[in-house]
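J.: Handing over start.txt, compact mmCIF, C-alpha atoms and all ligand atoms.
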# COMPACT_ATOMS: atom_id res chain seq x y z
CA MET X 11 -8.56 -14.63 19.23
CA ALA X 12 -8.19 -11.52 21.43
CA ASP X 13 -4.56 -10.96 20.44
CA LYS X 14 -5.32 -11.15 16.75
CA GLN X 15 -5.61 -7.80 14.97
CA LYS X 16 -8.94 -6.79 13.50
CA ILE X 17 -8.43 -6.87 9.77
CA GLY X 18 -10.27 -4.92 7.10
CA PHE X 19 -9.83 -6.43 3.64
CA ILE X 20 -10.47 -4.45 0.45
CA GLY X 21 -10.70 -6.20 -2.94
CA LEU X 22 -12.28 -9.61 -3.40
CA GLY X 23 -11.00 -10.45 -6.87
CA LYS X 24 -9.33 -13.67 -8.02
CA MET X 25 -6.64 -13.19 -5.35
CA GLY X 26 -8.39 -11.22 -2.62
CA LEU X 27 -11.24 -13.69 -2.25
CA PRO X 28 -9.12 -16.73 -1.33
CA MET X 29 -6.75 -14.55 0.72
CA SER X 30 -9.53 -13.08 2.84
CA ARG X 31 -10.97 -16.57 3.36
CA ASN X 32 -7.60 -17.74 4.65
CA LEU X 33 -7.50 -14.90 7.17
CA VAL X 34 -10.91 -15.97 8.49
CA LYS X 35 -9.69 -19.57 8.61
CA ALA X 36 -6.65 -18.47 10.62
CA GLY X 37 -8.96 -16.97 13.25
CA TYR X 38 -8.65 -13.26 12.48
CA PRO X 39 -11.73 -11.08 12.90
CA VAL X 40 -12.18 -9.93 9.29
CA ALA X 41 -14.39 -7.30 7.68
CA VAL X 42 -14.46 -7.07 3.88
CA TRP X 43 -15.34 -4.44 1.30
CA ASN X 44 -15.47 -4.88 -2.46
CA ARG X 45 -16.61 -2.52 -5.23
CA THR X 46 -19.02 -5.22 -6.41
CA ALA X 47 -20.66 -5.64 -3.03
CA ALA X 48 -22.27 -9.04 -3.68
CA LYS X 49 -18.86 -10.76 -3.50
CA ALA X 50 -18.66 -10.06 0.23
CA LYS X 51 -21.14 -12.92 0.78
CA GLU X 52 -18.56 -15.33 -0.60
CA VAL X 53 -16.29 -14.83 2.42
CA GLU X 54 -18.03 -16.92 5.03
CA GLY X 55 -17.35 -15.74 8.56
CA ALA X 56 -16.37 -12.18 7.55
CA ALA X 57 -18.47 -9.07 8.21
CA ALA X 58 -19.46 -7.08 5.13
CA ALA X 59 -18.67 -3.37 5.57
CA GLY X 60 -21.00 -0.90 3.87
CA SER X 61 -18.17 1.45 2.88
CA ILE X 62 -14.39 1.80 3.05
CA ARG X 63 -14.89 4.32 5.87
CA GLU X 64 -16.87 1.82 7.94
CA LEU X 65 -14.29 -0.90 7.25
CA VAL X 66 -11.33 1.29 8.23
CA GLN X 67 -12.94 2.54 11.42
CA GLY X 68 -13.40 -0.98 12.74
CA SER X 69 -9.90 -2.23 11.84
CA GLN X 70 -6.36 -2.20 13.19
CA VAL X 71 -4.85 -3.44 9.95
CA VAL X 72 -6.33 -2.63 6.53
CA ILE X 73 -5.22 -4.73 3.57
CA SER X 74 -5.95 -3.97 -0.08
CA MET X 75 -5.63 -6.40 -2.98
CA ILE X 76 -6.88 -4.40 -5.93
CA ALA X 77 -6.35 -4.02 -9.65
CA ASP X 78 -3.74 -1.35 -10.36
CA ASP X 79 -2.20 2.08 -9.72
CA GLN X 80 -5.38 3.97 -10.44
CA VAL X 81 -7.42 1.91 -7.98
CA LEU X 82 -4.65 2.15 -5.37
CA ARG X 83 -4.77 5.96 -5.65
CA SER X 84 -8.51 6.03 -5.11
CA VAL X 85 -8.72 3.32 -2.41
CA SER X 86 -5.74 4.62 -0.41
CA ALA X 87 -7.22 8.16 -0.42
CA GLN X 88 -10.43 6.76 1.10
CA VAL X 89 -8.48 4.69 3.66
CA LEU X 90 -6.45 7.74 4.66
CA GLU X 91 -9.50 9.92 5.00
CA ALA X 92 -11.12 7.51 7.46
CA ALA X 93 -8.03 6.36 9.37
CA GLY X 94 -6.83 7.39 12.79
CA ARG X 95 -3.14 7.44 13.79
CA GLY X 96 -1.54 4.06 14.32
CA LEU X 97 -3.51 2.14 11.71
CA ILE X 98 -1.36 -0.15 9.60
CA TYR X 99 -2.23 0.02 5.90
CA VAL X 100 -0.93 -2.87 3.80
CA ASP X 101 -1.28 -2.90 0.03
CA MET X 102 -0.60 -6.32 -1.51
CA SER X 103 -1.41 -5.47 -5.15
CA THR X 104 1.12 -5.25 -7.96
CA VAL X 105 1.56 -1.52 -8.56
CA SER X 106 4.30 0.92 -9.57
CA PRO X 107 7.04 2.04 -7.18
CA LYS X 108 6.10 5.61 -8.18
CA VAL X 109 2.45 5.54 -7.11
CA SER X 110 3.34 3.46 -4.07
CA ALA X 111 5.83 6.14 -3.00
CA GLU X 112 3.08 8.77 -3.30
CA VAL X 113 0.88 6.66 -1.01
CA ALA X 114 3.80 6.32 1.43
CA GLU X 115 4.19 10.08 1.61
CA ALA X 116 0.47 10.60 2.26
CA CYS X 117 0.49 7.89 4.97
CA GLU X 118 3.50 9.42 6.66
CA ALA X 119 1.83 12.83 6.73
CA LYS X 120 -1.17 11.24 8.47
CA GLY X 121 0.87 9.16 10.96
CA LEU X 122 -0.10 5.80 9.42
CA GLU X 123 2.22 2.86 8.99
CA TYR X 124 2.30 1.74 5.36
CA LEU X 125 3.53 -1.67 4.23
CA ARG X 126 4.00 -2.60 0.59
CA ALA X 127 3.47 -6.35 0.47
CA PRO X 128 2.96 -7.69 -3.05
CA VAL X 129 2.78 -11.44 -3.39
CA SER X 130 4.46 -14.02 -5.53
CA GLY X 131 2.20 -16.90 -6.57
CA SER X 132 -1.07 -17.09 -8.37
CA THR X 133 -4.66 -18.04 -7.56
CA ALA X 134 -4.01 -21.71 -6.72
CA LEU X 135 -1.32 -20.73 -4.21
CA ALA X 136 -3.55 -17.99 -2.81
CA ALA X 137 -6.25 -20.62 -2.17
CA ALA X 138 -3.75 -23.03 -0.62
CA GLY X 139 -2.26 -20.29 1.58
CA THR X 140 1.18 -20.86 0.08
CA LEU X 141 1.95 -17.46 -1.43
CA THR X 142 5.27 -15.72 -0.83
CA VAL X 143 4.88 -12.26 0.66
CA LEU X 144 7.49 -9.68 -0.36
CA CYS X 145 7.24 -6.78 2.04
CA SER X 146 8.93 -3.43 2.46
CA GLY X 147 8.17 -0.55 4.79
CA PRO X 148 8.65 0.13 8.51
CA LYS X 149 10.21 -2.90 10.20
CA ALA X 150 8.15 -2.75 13.41
CA ALA X 151 4.90 -2.72 11.45
CA TYR X 152 6.21 -5.64 9.40
CA ARG X 153 6.96 -7.61 12.57
CA SER X 154 3.42 -7.06 13.84
CA CYS X 155 1.93 -8.17 10.51
CA GLU X 156 4.23 -11.13 9.89
CA PRO X 157 1.77 -13.64 11.44
CA VAL X 158 -0.95 -12.21 9.17
CA PHE X 159 1.30 -12.70 6.14
CA LEU X 160 2.11 -16.24 7.26
CA SER X 161 -1.62 -17.02 7.24
CA LEU X 162 -1.63 -16.08 3.56
CA GLY X 163 1.67 -17.56 2.53
CA GLN X 164 4.36 -20.04 3.39
CA LYS X 165 7.13 -17.47 3.24
CA SER X 166 7.36 -13.82 4.10
CA PHE X 167 10.36 -11.55 3.53
CA HIS X 168 11.12 -8.02 4.67
CA VAL X 169 13.25 -6.52 1.90
CA GLY X 170 13.72 -2.88 2.85
CA PRO X 171 12.26 0.26 4.42
CA ARG X 172 10.63 1.86 1.35
CA ASP X 173 9.40 0.57 -2.03
CA GLU X 174 11.92 -2.23 -2.47
CA ALA X 175 9.16 -4.87 -2.55
CA ARG X 176 7.53 -3.11 -5.52
CA TYR X 177 10.77 -3.41 -7.52
CA LEU X 178 11.18 -7.02 -6.46
CA LYS X 179 7.65 -7.98 -7.51
CA LEU X 180 8.16 -6.42 -10.95
CA THR X 181 11.54 -8.20 -11.24
CA LEU X 182 9.77 -11.53 -10.72
CA ASN X 183 6.89 -10.71 -13.06
CA MET X 184 9.25 -9.70 -15.86
CA MET X 185 10.84 -13.15 -15.59
CA VAL X 186 7.41 -14.82 -15.36
CA GLY X 187 6.08 -12.98 -18.43
CA LEU X 188 9.22 -13.62 -20.46
CA THR X 189 9.03 -17.33 -19.58
CA SER X 190 5.66 -17.58 -21.30
CA ALA X 191 7.07 -16.06 -24.51
CA MET X 192 10.16 -18.28 -24.42
CA THR X 193 7.97 -21.35 -23.89
CA ALA X 194 5.54 -20.37 -26.67
CA GLU X 195 8.33 -19.90 -29.22
CA ALA X 196 10.10 -23.15 -28.38
CA LEU X 197 6.88 -25.22 -28.23
CA ALA X 198 5.70 -23.86 -31.59
CA PHE X 199 9.06 -25.00 -32.97
CA SER X 200 8.51 -28.50 -31.56
CA GLU X 201 4.98 -28.66 -33.00
CA LYS X 202 6.07 -27.58 -36.45
CA GLY X 203 8.81 -30.20 -36.21
CA GLY X 204 6.10 -32.84 -35.81
CA LEU X 205 6.76 -33.82 -32.19
CA ASP X 206 4.08 -35.41 -30.04
CA TRP X 207 2.59 -32.67 -27.83
CA ASP X 208 2.17 -34.59 -24.55
CA THR X 209 5.57 -36.28 -24.80
CA THR X 210 7.29 -32.98 -25.49
CA LEU X 211 5.59 -31.35 -22.51
CA GLU X 212 6.51 -34.23 -20.20
CA ILE X 213 10.14 -34.02 -21.27
CA VAL X 214 10.25 -30.22 -20.95
CA ALA X 215 8.72 -30.48 -17.47
CA ASN X 216 11.50 -32.85 -16.42
CA SER X 217 14.35 -31.10 -18.20
CA VAL X 218 16.97 -28.61 -17.15
CA VAL X 219 14.67 -25.70 -18.09
CA ALA X 220 11.81 -26.96 -15.93
CA SER X 221 10.79 -24.50 -13.22
CA PRO X 222 7.92 -24.38 -10.74
CA LEU X 223 6.16 -21.95 -13.14
CA ILE X 224 6.47 -24.29 -16.13
CA GLY X 225 5.30 -27.11 -13.85
CA TYR X 226 2.15 -25.17 -12.84
CA LYS X 227 1.36 -24.50 -16.49
CA MET X 228 1.83 -28.06 -17.79
CA ASN X 229 -1.78 -29.13 -17.48
CA LEU X 230 -3.03 -25.88 -18.95
CA LEU X 231 -0.75 -26.45 -21.95
CA LYS X 232 -1.64 -30.15 -22.25
CA GLU X 233 -5.33 -29.43 -22.20
CA ARG X 234 -4.97 -26.11 -24.04
CA ASN X 235 -7.22 -24.68 -21.34
CA PHE X 236 -6.43 -20.97 -21.07
CA THR X 237 -8.85 -20.22 -18.21
CA PRO X 238 -6.91 -17.50 -16.43
CA ALA X 239 -5.03 -17.73 -13.17
CA PHE X 240 -3.31 -14.51 -14.28
CA THR X 241 -4.47 -12.83 -17.47
CA ALA X 242 -2.56 -11.53 -20.48
CA GLY X 243 -4.04 -8.11 -19.63
CA GLN X 244 -2.62 -8.30 -16.10
CA ILE X 245 0.90 -9.23 -17.19
CA ALA X 246 0.74 -6.46 -19.83
CA LYS X 247 -0.04 -4.05 -16.97
CA ASP X 248 2.99 -5.31 -15.01
CA PHE X 249 5.27 -5.04 -18.07
CA ASP X 250 4.08 -1.44 -18.49
CA LEU X 251 4.98 -0.75 -14.85
CA ALA X 252 8.43 -2.30 -15.36
CA LEU X 253 9.00 -0.37 -18.60
CA GLU X 254 7.96 2.97 -17.05
CA THR X 255 10.16 2.30 -14.03
CA GLY X 256 13.05 1.25 -16.29
CA ARG X 257 12.69 4.47 -18.30
CA ALA X 258 12.77 6.53 -15.12
CA MET X 259 16.03 4.78 -14.10
CA ASP X 260 17.56 4.96 -17.62
CA LEU X 261 17.65 1.18 -17.77
CA PRO X 262 17.01 -0.39 -21.19
CA LEU X 263 14.65 -3.39 -21.04
CA PRO X 264 14.65 -4.61 -24.67
CA LEU X 265 13.22 -8.09 -24.05
CA THR X 266 10.42 -6.81 -21.83
CA SER X 267 9.62 -4.18 -24.42
CA LEU X 268 9.41 -6.71 -27.26
CA VAL X 269 7.33 -9.28 -25.39
CA ARG X 270 4.95 -6.53 -24.18
CA GLN X 271 3.97 -6.10 -27.85
CA PHE X 272 2.75 -9.71 -28.00
CA TYR X 273 0.63 -9.32 -24.87
CA GLY X 274 -0.73 -6.23 -26.64
CA VAL X 275 -1.65 -8.43 -29.63
CA MET X 276 -3.57 -10.75 -27.30
CA LYS X 277 -5.48 -7.78 -25.91
CA ALA X 278 -6.15 -6.33 -29.38
CA GLN X 279 -7.52 -9.67 -30.54
CA GLY X 280 -9.92 -9.93 -27.61
CA GLN X 281 -7.77 -12.48 -25.73
CA GLY X 282 -6.65 -10.18 -22.91
CA ASP X 283 -8.76 -12.10 -20.39
CA LEU X 284 -7.15 -15.45 -21.20
CA ASP X 285 -4.26 -16.80 -19.16
CA PHE X 286 -0.95 -15.19 -20.13
CA PHE X 287 0.37 -18.62 -21.22
CA GLY X 288 -2.14 -18.25 -24.08
CA LEU X 289 0.74 -16.52 -25.92
CA LEU X 290 1.35 -19.98 -27.37
CA THR X 291 -1.65 -19.56 -29.67
CA LEU X 292 -0.08 -16.40 -31.20
CA TRP X 293 3.13 -18.25 -32.04
CA GLU X 294 1.11 -21.11 -33.51
CA ALA X 295 -0.87 -18.68 -35.65
CA MET X 296 2.31 -16.91 -36.83
CA GLY X 297 3.77 -20.30 -37.74
CA GLY X 298 0.68 -21.47 -39.61
CA ILE X 299 0.19 -24.30 -37.12
CA LYS X 300 -3.46 -25.39 -37.31
CA LYS X 301 -5.15 -26.42 -34.04
N1 LIG A 401 -4.09 -13.23 -10.36
C1 LIG A 401 -2.86 -13.49 -10.03
O1 LIG A 401 -2.34 -14.57 -10.31
C2 LIG A 401 -2.02 -12.48 -9.27
C3 LIG A 401 -0.88 -12.93 -8.62
C4 LIG A 401 -0.11 -12.02 -7.90
C5 LIG A 401 -0.48 -10.67 -7.86
N2 LIG A 401 -1.59 -10.27 -8.54
C6 LIG A 401 -1.92 -8.84 -8.46
O2 LIG A 401 -2.90 -8.71 -7.43
C7 LIG A 401 -3.84 -7.69 -7.75
C8 LIG A 401 -5.25 -8.30 -7.79
O3 LIG A 401 -5.25 -9.32 -8.78
P1 LIG A 401 -6.55 -10.22 -9.08
O4 LIG A 401 -6.07 -11.30 -9.99
O5 LIG A 401 -7.26 -10.54 -7.82
O6 LIG A 401 -7.42 -9.16 -9.94
P2 LIG A 401 -8.99 -9.17 -10.21
O7 LIG A 401 -9.54 -10.54 -10.11
O8 LIG A 401 -9.14 -8.41 -11.50
O9 LIG A 401 -9.56 -8.29 -8.99
C9 LIG A 401 -9.35 -6.90 -8.94
C10 LIG A 401 -9.98 -6.34 -7.68
O10 LIG A 401 -9.86 -4.89 -7.75
C11 LIG A 401 -11.18 -4.33 -7.61
N3 LIG A 401 -11.32 -3.10 -8.39
C12 LIG A 401 -11.12 -2.93 -9.71
N4 LIG A 401 -11.36 -1.66 -10.07
C13 LIG A 401 -11.77 -1.01 -8.94
C14 LIG A 401 -12.15 0.31 -8.65
N5 LIG A 401 -12.18 1.25 -9.60
N6 LIG A 401 -12.47 0.62 -7.36
C15 LIG A 401 -12.43 -0.31 -6.39
N7 LIG A 401 -12.07 -1.61 -6.60
C16 LIG A 401 -11.73 -1.93 -7.86
C17 LIG A 401 -12.10 -5.40 -8.15
O11 LIG A 401 -13.43 -5.17 -7.70
P3 LIG A 401 -14.69 -5.81 -8.50
O12 LIG A 401 -14.87 -7.19 -7.93
O13 LIG A 401 -15.81 -4.90 -8.21
O14 LIG A 401 -14.32 -5.84 -9.98
C18 LIG A 401 -11.47 -6.64 -7.52
O15 LIG A 401 -11.80 -6.75 -6.16
C19 LIG A 401 -3.37 -7.09 -9.08
O16 LIG A 401 -2.57 -5.97 -8.84
C20 LIG A 401 -2.57 -8.22 -9.70
O17 LIG A 401 -1.60 -7.75 -10.62
C21 LIG A 401 -2.39 -11.15 -9.22
Mind turning this structure into structure tokens?
T.:
Amino acid sequence: MADKQKIGFIGLGKMGLPMSRNLVKAGYPVAVWNRTAAKAKEVEGAAAAGSIRELVQGSQVVISMIADDQVLRSVSAQVLEAAGRGLIYVDMSTVSPKVSAEVAEACEAKGLEYLRAPVSGSTALAAAGTLTVLCSGPKAAYRSCEPVFLSLGQKSFHVGPRDEARYLKLTLNMMVGLTSAMTAEALAFSEKGGLDWDTTLEIVANSVVASPLIGYKMNLLKERNFTPAFTAGQIAKDFDLALETGRAMDLPLPLTSLVRQFYGVMKAQGQGDLDFFGLLTLWEAMGGIKK
């Protein structure tokens, strides 16, 4: 236990809660802080810090898993204010390369090591400790945190010295979000054609287009249970980050732009908190398919 870094964990949402539990399970001394303080009790074996300052001052590595750019700006400012030189700050959220680069600059000015370590995989993989960690930032800091990452995930990659991991995470989420739209359109077609729902899903899941993502979503689609692992609102946020980043690079992203509109429809219709595979219901409604 003595050689394990003291970890401060900020953000006990759908992802942060199981991730912080896995760090405790792996034997790390963990302190946690969450905006809604009551959630700290749900991480058995972790100390609840009264503030970000208190959390940072007792930690060697501070990890955040929080909602978005705006929260990263505010949380990282509080971490920086409380931190001494040599602290490693790791943000594992999905945020823009632009805001992440601002955080990098502020960390560098203060002599802190900053790792960008977004994750691939949703809540079930977070609970099972089988996420994939995509990390960029200083290599030596990465090496010292690799065992921490391997307590959260099965695989961990170092992909560059700066914000490369932010681009990589958005690359994956564009493909993930487009897969839901592609699946919704094709499945609505099969329904309107009169095919049996369960049989169609079984065949799709075993076909050439099957992917781990489609596999994870099979039961949700079979049962039409859109309890979120990852919400339509969250993928809309990631598409916005990709579109802004694409604009800044002069890279057209026509498919992402179109499908973003449909996630916007889900939000406008009060379905932004459903799983993003709930797009299916929009295609069914457009096609006059009664459920
Ligand atoms: N869910 C997934 O499948 C998944 C997979 C990979 C990556 N991600 C990314 O991981 C991050 C976290 O996702 P999640 O699903 O865990 O989200 P979530 O369940 O919505 O949790 C968000 C966390 O951010 C905190 N937060 C929100 N606003 C805050 C503020 N103003 N100040 C301080 N804390 C604030 C929340 O605190 P409260 O508890 O007080 O609300 C909560 O701890 C996001 O960037 C998401 O895109 C999610």
J.: Smallest atom-to-atom distance to Glu174 (chain X): which of X:Asn44, X:Ser84, X:Gln67, X:Ser146, using all atoms listed in the file?
T.: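 Among the listed residues, the smallest separation from Glu174 (chain X) belongs to X:Ser146.
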J.: Could you give me, as a VMD selection string, every polymer residue with an atom at most 8 Å away from an atom of ligand LIG 401 (chain A), counting all atoms listed in the file?
T.: chain X and resid 20 to 27 44 to 47 49 75 to 78 80 to 81 84 to 85 102 to 105 128 to 133 238 to 241 244 to 245 247 to 248
J.: Write out as a tab-separated table a residue-level contact list of region 85-198 of chain X versus region 32-38 of chain X with cut-off 10 Å: for each qualifying residue the closest pair of atoms and the distance in Å to one decimal, counting only C-alpha atoms, rows sorted by chain and residue number upward.
T.:
residue	atom	partner	partner_atom	distance
X:Ala136	CA	X:Asn32	CA	8.5
X:Ala137	CA	X:Asn32	CA	7.5
X:Ala138	CA	X:Asn32	CA	8.4
X:Gly139	CA	X:Asn32	CA	6.7
X:Pro157	CA	X:Ala36	CA	9.7
X:Val158	CA	X:Leu33	CA	7.4
X:Phe159	CA	X:Leu33	CA	9.1
X:Leu160	CA	X:Ala36	CA	9.6
X:Ser161	CA	X:Ala36	CA	6.2
X:Leu162	CA	X:Asn32	CA	6.3
X:Gly163	CA	X:Asn32	CA	9.5
J.: Rounded to one decimal, what separation in Å do you get between CA of Gly147 (chain X) and CA of Gln70 (chain X)?
T.: 16.9 Å
J.: Given the choices X:Ala58, X:Ala151, X:Leu292, X:Leu141, which gets closest to Val100 (chain X) if the distance is worked out from all atoms listed in the file?
T.: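 Residue with the minimum atom-to-atom distance to Val100 (chain X): X:Ala151.
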J.: Taking only C-alpha atoms into account, which of X:Leu290, X:Ala194, X:Leu82, X:Met29 comes nearest Val109 (chain X)?
T.: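 For Val109 (chain X), the nearest of the given residues is X:Leu82.
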